[in-house]
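Peer 1: Next comes the structure file data-v3.pdb, holding PDB, C-alpha atoms, pLDDT in the B column.
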ATOM      1  CA  ILE A   2     103.330   0.298 -38.592  1.00 80.00           C
ATOM      2  CA  ASN A   3     105.355  -2.882 -38.552  1.00 81.00           C
ATOM      3  CA  LEU A   4     104.268  -4.763 -41.667  1.00 76.00           C
ATOM      4  CA  LYS A   5     105.847  -7.966 -40.364  1.00 80.00           C
ATOM      5  CA  LYS A   6     103.596  -7.916 -37.297  1.00 88.00           C
ATOM      6  CA  HIS A   7     100.413  -6.310 -38.598  1.00 90.00           C
ATOM      7  CA  ARG A   8      98.074  -6.495 -41.579  1.00 92.00           C
ATOM      8  CA  ILE A   9      96.797  -3.182 -42.884  1.00 94.00           C
ATOM      9  CA  ILE A  10      93.109  -2.938 -43.751  1.00 97.00           C
ATOM     10  CA  PHE A  11      91.500   0.115 -45.311  1.00 98.00           C
ATOM     11  CA  VAL A  12      88.009   1.249 -44.391  1.00 98.00           C
ATOM     12  CA  HIS A  13      86.576   3.628 -46.979  1.00 98.00           C
ATOM     13  CA  VAL A  14      83.573   5.696 -45.876  1.00 98.00           C
ATOM     14  CA  ARG A  15      81.838   7.831 -48.489  1.00 97.00           C
ATOM     15  CA  ARG A  16      79.264  10.333 -47.339  1.00 96.00           C
ATOM     16  CA  THR A  17      78.950  13.781 -48.924  1.00 94.00           C
ATOM     17  CA  ASP A  18      77.151  13.182 -52.227  1.00 95.00           C
ATOM     18  CA  TYR A  19      75.945   9.720 -51.125  1.00 96.00           C
ATOM     19  CA  LEU A  20      73.553  11.316 -48.626  1.00 96.00           C
ATOM     20  CA  HIS A  21      71.222  11.970 -51.590  1.00 95.00           C
ATOM     21  CA  THR A  22      72.537   9.687 -54.362  1.00 92.00           C
ATOM     22  CA  PRO A  23      71.017   7.762 -56.154  1.00 92.00           C
ATOM     23  CA  SER A  24      67.942   9.354 -54.486  1.00 93.00           C
ATOM     24  CA  ILE A  25      66.988  11.112 -51.267  1.00 94.00           C
ATOM     25  CA  LYS A  26      64.597   8.295 -50.418  1.00 96.00           C
ATOM     26  CA  PHE A  27      67.210   5.559 -50.974  1.00 96.00           C
ATOM     27  CA  PRO A  28      70.670   7.100 -50.472  1.00 96.00           C
ATOM     28  CA  ALA A  29      73.786   5.023 -51.039  1.00 96.00           C
ATOM     29  CA  VAL A  30      75.420   6.172 -47.780  1.00 97.00           C
ATOM     30  CA  ILE A  31      76.151   3.259 -45.436  1.00 97.00           C
ATOM     31  CA  ASN A  32      75.309   3.314 -41.739  1.00 96.00           C
ATOM     32  CA  ILE A  33      78.441   3.644 -39.608  1.00 96.00           C
ATOM     33  CA  ASN A  34      77.413   0.560 -37.611  1.00 97.00           C
ATOM     34  CA  TRP A  35      77.835  -1.566 -40.757  1.00 98.00           C
ATOM     35  CA  TYR A  36      81.483  -0.474 -41.011  1.00 98.00           C
ATOM     36  CA  LYS A  37      82.099  -1.221 -37.332  1.00 97.00           C
ATOM     37  CA  LYS A  38      80.448  -4.633 -37.681  1.00 98.00           C
ATOM     38  CA  MET A  39      82.689  -5.430 -40.677  1.00 98.00           C
ATOM     39  CA  MET A  40      85.749  -4.338 -38.682  1.00 97.00           C
ATOM     40  CA  LYS A  41      84.796  -6.829 -35.948  1.00 97.00           C
ATOM     41  CA  LEU A  42      84.376  -9.524 -38.599  1.00 97.00           C
ATOM     42  CA  ILE A  43      87.833  -8.813 -40.020  1.00 96.00           C
ATOM     43  CA  LYS A  44      89.335  -8.946 -36.505  1.00 95.00           C
ATOM     44  CA  LYS A  45      88.054 -12.536 -36.252  1.00 95.00           C
ATOM     45  CA  LYS A  46      89.676 -13.514 -39.555  1.00 93.00           C
ATOM     46  CA  ILE A  47      92.931 -11.542 -39.546  1.00 91.00           C
ATOM     47  CA  LYS A  48      95.427 -11.431 -36.696  1.00 90.00           C
ATOM     48  CA  LYS A  49      96.713  -8.056 -35.548  1.00 92.00           C
ATOM     49  CA  PRO A  50      94.896  -5.812 -38.033  1.00 95.00           C
ATOM     50  CA  ILE A  51      95.484  -2.096 -38.241  1.00 96.00           C
ATOM     51  CA  PHE A  52      92.567  -0.232 -39.814  1.00 98.00           C
ATOM     52  CA  ILE A  53      93.162   2.930 -41.786  1.00 98.00           C
ATOM     53  CA  VAL A  54      89.839   4.739 -41.976  1.00 98.00           C
ATOM     54  CA  MET A  55      89.497   7.162 -44.868  1.00 98.00           C
ATOM     55  CA  GLY A  56      86.762   9.022 -46.642  1.00 97.00           C
ATOM     56  CA  ASP A  57      85.363  12.276 -47.905  1.00 96.00           C
ATOM     57  CA  ASP A  58      84.200  13.675 -44.523  1.00 96.00           C
ATOM     58  CA  HIS A  59      87.127  13.781 -42.091  1.00 94.00           C
ATOM     59  CA  TYR A  60      85.111  15.385 -39.281  1.00 95.00           C
ATOM     60  CA  TYR A  61      82.521  12.628 -39.467  1.00 96.00           C
ATOM     61  CA  LEU A  62      85.250   9.983 -39.295  1.00 96.00           C
ATOM     62  CA  GLN A  63      86.742  11.640 -36.220  1.00 95.00           C
ATOM     63  CA  ASP A  64      83.295  11.683 -34.581  1.00 95.00           C
ATOM     64  CA  CYS A  65      82.563   8.027 -35.361  1.00 96.00           C
ATOM     65  CA  PHE A  66      85.919   6.311 -34.916  1.00 95.00           C
ATOM     66  CA  GLN A  67      88.424   6.499 -32.089  1.00 88.00           C
ATOM     67  CA  SER A  68      92.061   6.672 -33.082  1.00 87.00           C
ATOM     68  CA  SER A  69      94.087   3.998 -31.317  1.00 89.00           C
ATOM     69  CA  ASP A  70      96.977   1.630 -31.841  1.00 89.00           C
ATOM     70  CA  HIS A  71      94.712  -0.330 -34.195  1.00 94.00           C
ATOM     71  CA  VAL A  72      92.716   2.472 -35.864  1.00 97.00           C
ATOM     72  CA  ILE A  73      94.255   5.341 -37.820  1.00 96.00           C
ATOM     73  CA  ILE A  74      92.066   8.062 -39.289  1.00 97.00           C
ATOM     74  CA  SER A  75      93.506   9.337 -42.553  1.00 96.00           C
ATOM     75  CA  LYS A  76      93.410  13.065 -43.175  1.00 95.00           C
ATOM     76  CA  ASN A  77      95.121  12.757 -46.543  1.00 96.00           C
ATOM     77  CA  ASN A  78      93.933  13.863 -49.949  1.00 95.00           C
ATOM     78  CA  VAL A  79      92.324  11.297 -52.271  1.00 96.00           C
ATOM     79  CA  GLU A  80      95.515  10.582 -54.200  1.00 97.00           C
ATOM     80  CA  VAL A  81      97.369   9.583 -51.042  1.00 97.00           C
ATOM     81  CA  ASP A  82      94.384   7.561 -49.777  1.00 98.00           C
ATOM     82  CA  LEU A  83      94.243   5.617 -53.050  1.00 97.00           C
ATOM     83  CA  SER A  84      97.962   4.907 -52.764  1.00 96.00           C
ATOM     84  CA  ILE A  85      97.517   3.681 -49.188  1.00 96.00           C
ATOM     85  CA  MET A  86      94.652   1.414 -50.290  1.00 97.00           C
ATOM     86  CA  THR A  87      96.877  -0.334 -52.814  1.00 93.00           C
ATOM     87  CA  TYR A  88      99.252  -1.417 -50.031  1.00 91.00           C
ATOM     88  CA  CYS A  89      96.487  -2.878 -47.872  1.00 94.00           C
ATOM     89  CA  SER A  90      95.927  -6.611 -47.707  1.00 89.00           C
ATOM     90  CA  ALA A  91      92.206  -6.233 -47.024  1.00 95.00           C
ATOM     91  CA  GLY A  92      89.510  -3.604 -47.210  1.00 97.00           C
ATOM     92  CA  ILE A  93      86.022  -2.579 -46.203  1.00 98.00           C
ATOM     93  CA  LEU A  94      84.535  -0.694 -49.109  1.00 98.00           C
ATOM     94  CA  SER A  95      81.918   1.977 -49.401  1.00 98.00           C
ATOM     95  CA  PRO A  96      79.794   1.399 -52.506  1.00 97.00           C
ATOM     96  CA  SER A  97      81.909   3.719 -54.650  1.00 96.00           C
ATOM     97  CA  SER A  98      84.124   3.290 -57.670  1.00 95.00           C
ATOM     98  CA  PHE A  99      86.965   4.948 -55.730  1.00 97.00           C
ATOM     99  CA  ALA A 100      86.883   2.194 -53.082  1.00 97.00           C
ATOM    100  CA  TRP A 101      86.483  -0.455 -55.794  1.00 97.00           C
ATOM    101  CA  TRP A 102      89.626   0.738 -57.613  1.00 97.00           C
ATOM    102  CA  GLY A 103      91.566   0.848 -54.348  1.00 97.00           C
ATOM    103  CA  ALA A 104      90.565  -2.756 -53.643  1.00 96.00           C
ATOM    104  CA  PHE A 105      91.289  -3.777 -57.239  1.00 95.00           C
ATOM    105  CA  TYR A 106      94.864  -2.507 -57.070  1.00 94.00           C
ATOM    106  CA  ALA A 107      95.332  -3.903 -53.553  1.00 93.00           C
ATOM    107  CA  GLN A 108      94.311  -7.429 -54.551  1.00 89.00           C
ATOM    108  CA  LYS A 109      96.517  -7.259 -57.663  1.00 85.00           C
ATOM    109  CA  TYR A 110      99.486  -5.919 -55.709  1.00 83.00           C
ATOM    110  CA  ASN A 111      99.277  -8.182 -52.660  1.00 77.00           C
ATOM    111  CA  LEU A 112      98.556 -11.561 -54.263  1.00 68.00           C
ATOM    112  CA  ASP A 113      97.732 -12.842 -50.799  1.00 64.00           C
ATOM    113  CA  SER A 114      95.254 -15.672 -50.518  1.00 64.00           C
ATOM    114  CA  LYS A 115      94.219 -14.216 -47.145  1.00 72.00           C
ATOM    115  CA  SER A 116      93.073 -10.936 -48.689  1.00 85.00           C
ATOM    116  CA  ILE A 117      89.515 -10.039 -47.793  1.00 93.00           C
ATOM    117  CA  PHE A 118      87.498  -7.298 -49.416  1.00 96.00           C
ATOM    118  CA  ILE A 119      84.001  -6.575 -48.124  1.00 98.00           C
ATOM    119  CA  ALA A 120      81.353  -4.300 -49.622  1.00 98.00           C
ATOM    120  CA  PRO A 121      77.651  -3.784 -48.989  1.00 98.00           C
ATOM    121  CA  LYS A 122      75.395  -6.267 -50.719  1.00 96.00           C
ATOM    122  CA  TYR A 123      73.619  -4.679 -53.698  1.00 96.00           C
ATOM    123  CA  TRP A 124      76.287  -1.921 -53.777  1.00 96.00           C
ATOM    124  CA  CYS A 125      74.463   1.465 -54.039  1.00 95.00           C
ATOM    125  CA  GLY A 126      71.095  -0.304 -53.999  1.00 95.00           C
ATOM    126  CA  HIS A 127      71.540  -1.816 -50.527  1.00 95.00           C
ATOM    127  CA  ARG A 128      68.490   0.023 -49.105  1.00 95.00           C
ATOM    128  CA  GLN A 129      66.190  -1.372 -51.796  1.00 95.00           C
ATOM    129  CA  LYS A 130      67.936  -4.755 -51.953  1.00 95.00           C
ATOM    130  CA  LYS A 131      68.416  -4.324 -55.711  1.00 95.00           C
ATOM    131  CA  TRP A 132      71.791  -4.099 -57.441  1.00 94.00           C
ATOM    132  CA  ASN A 133      72.680  -0.548 -58.345  1.00 94.00           C
ATOM    133  CA  PRO A 134      74.282  -0.331 -60.815  1.00 93.00           C
ATOM    134  CA  LYS A 135      72.349  -3.252 -62.186  1.00 90.00           C
ATOM    135  CA  ASN A 136      74.272  -6.558 -62.055  1.00 84.00           C
ATOM    136  CA  PHE A 137      77.308  -4.884 -60.510  1.00 85.00           C
ATOM    137  CA  TYR A 138      79.227  -7.730 -58.955  1.00 89.00           C
ATOM    138  CA  THR A 139      82.907  -8.610 -58.649  1.00 92.00           C
ATOM    139  CA  SER A 140      83.847 -12.191 -57.732  1.00 92.00           C
ATOM    140  CA  TRP A 141      86.749 -11.294 -55.411  1.00 92.00           C
ATOM    141  CA  ILE A 142      84.620  -9.012 -53.219  1.00 95.00           C
ATOM    142  CA  ASN A 143      82.483 -10.405 -50.400  1.00 96.00           C
ATOM    143  CA  TYR A 144      79.118  -8.650 -50.438  1.00 97.00           C
ATOM    144  CA  LEU A 145      77.567  -8.585 -46.974  1.00 96.00           C
TER     145      LEU A 145
END
I need this file expressed as structure tokens, please.

Peer 2:
Amino acid sequence: INLKKHRIIFVHVRRTDYLHTPSIKFPAVININWYKKMMKLIKKKIKKPIFIVMGDDHYYLQDCFQSSDHVIISKNNVEVDLSIMTYCSAGILSPSSFAWWGAFYAQKYNLDSKSIFIAPKYWCGHRQKKWNPKNFYTSWINYL
């Protein structure tokens, strides 16, 4: 990856425990189409992005995303993924504290006014359209 030519954007997809958390009726897992829609949005705002897709279900990521010159599917452990996140200038977050911390360190490290961080509106409560956790909101994240 040539950092002078490209901007690196992480895409964090959390699945395993989120398929039934906070409840089976209203799980926090995000539909894969939301992630793809956010990737298209970032492509309109950032020139020459390279997306590094990471998460807790590598097989699912391989099924849903195609590796290419612009999409890399991480098969690293969580420590390496968190380190990669900190070097990204933008991110698409799952509603998890892991993704939040990755974005937090990335926006502190990069100090780039063009940084964009996107997360689902209402965080884990997106299916009910109610904040979960209650009043969870960070001003530097765009909730869509």

Peer 1: Give one line per residue of stretch 53-85 of chain A that approaches stretch 103-124 of chain A to at most 10 Å, naming the two atoms of the closest pair and their distance in Å to one decimal, counting all atoms listed in the file; sort by chain then ascending residue number and deliver it as a Markdown table.

Peer 2:
| residue | atom | partner | partner_atom | distance |
| --- | --- | --- | --- | --- |
| A:Asp82 | CA | A:Gly103 | CA | 8.6 |
| A:Leu83 | CA | A:Gly103 | CA | 5.6 |
| A:Ser84 | CA | A:Gly103 | CA | 7.7 |
| A:Ile85 | CA | A:Gly103 | CA | 8.4 |

Peer 1: Once the PyMOL selection byres ((chain A and resi 3-5) around 12) has been applied to the shown file, what residues remain in the selection, as a JSON list (two decimals) with C-alpha atoms, in the coordinates of the input?

Peer 2:
[["chain", "number", "residue", "atom", "x", "y", "z"],
["A", 2, "ILE", "CA", 103.33, 0.30, -38.59],
["A", 6, "LYS", "CA", 103.60, -7.92, -37.30],
["A", 7, "HIS", "CA", 100.41, -6.31, -38.60],
["A", 8, "ARG", "CA", 98.07, -6.50, -41.58],
["A", 9, "ILE", "CA", 96.80, -3.18, -42.88],
["A", 10, "ILE", "CA", 93.11, -2.94, -43.75],
["A", 48, "LYS", "CA", 95.43, -11.43, -36.70],
["A", 49, "LYS", "CA", 96.71, -8.06, -35.55],
["A", 50, "PRO", "CA", 94.90, -5.81, -38.03],
["A", 51, "ILE", "CA", 95.48, -2.10, -38.24],
["A", 70, "ASP", "CA", 96.98, 1.63, -31.84],
["A", 71, "HIS", "CA", 94.71, -0.33, -34.20],
["A", 88, "TYR", "CA", 99.25, -1.42, -50.03],
["A", 89, "CYS", "CA", 96.49, -2.88, -47.87],
["A", 90, "SER", "CA", 95.93, -6.61, -47.71]]

Peer 1: Atom CA of A:Phe52 and atom CA of A:Pro96, how far apart in Å?

Peer 2: 18.1 Å

Peer 1: Might you pull out every residue within 10 Å of A:Arg15, with only C-alpha atoms counted and same-chain residues fewer than 3 positions away left off, and present them as a ChimeraX atom specification?

Peer 2: /A:12,18-20,29-31,55-58,94-97,99-100

Peer 1: Using all atoms listed in the file for the distances, tell me which of A:Gly92, A:Val54, A:Gln129, A:Pro28 is nearest to A:Asn143.

Peer 2: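 When distances to A:Asn143 are compared using all atoms listed in the file, the smallest one comes from A:Gly92.
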
Peer 1: Work out how far atom CA of A:His59 is from atom CA of A:Arg16, in Å to one decimal.

Peer 2: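 A separation of 10.1 Å between them.
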
Peer 1: Where's the centre, and what are the edge lengths in Å to one decimal, of a box along x, y and z enclosing all listed atoms of stretch 10-17 of chain A padded 5 Å per side, as lines of an AutoDock Vina configuration file?

Peer 2:
center_x = 86.0
center_y = 5.4
center_z = -46.3
size_x = 24.2
size_y = 26.7
size_z = 15.2

Peer 1: Determine the nearest neighbour of A:Lys37 from the options A:Thr87, A:Ser140, A:Gln67, A:Asn78, counting all atoms listed in the file.

Peer 2: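 Using all atoms listed in the file, A:Lys37 sits closest to A:Gln67.
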
Peer 1: Record the distance separating atom CA of A:Trp102 and atom CA of A:Met86, expressed in Å with one decimal.

Peer 2: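 Taking atom CA of A:Trp102 and atom CA of A:Met86, their separation equals 8.9 Å.
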
Peer 1: I'd like to know which of A:Tyr61, A:Tyr138, A:Tyr144, A:Trp132 is closest to A:Val14, using only C-alpha atoms.

Peer 2: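 For A:Val14, the nearest of the candidates is A:Tyr61.
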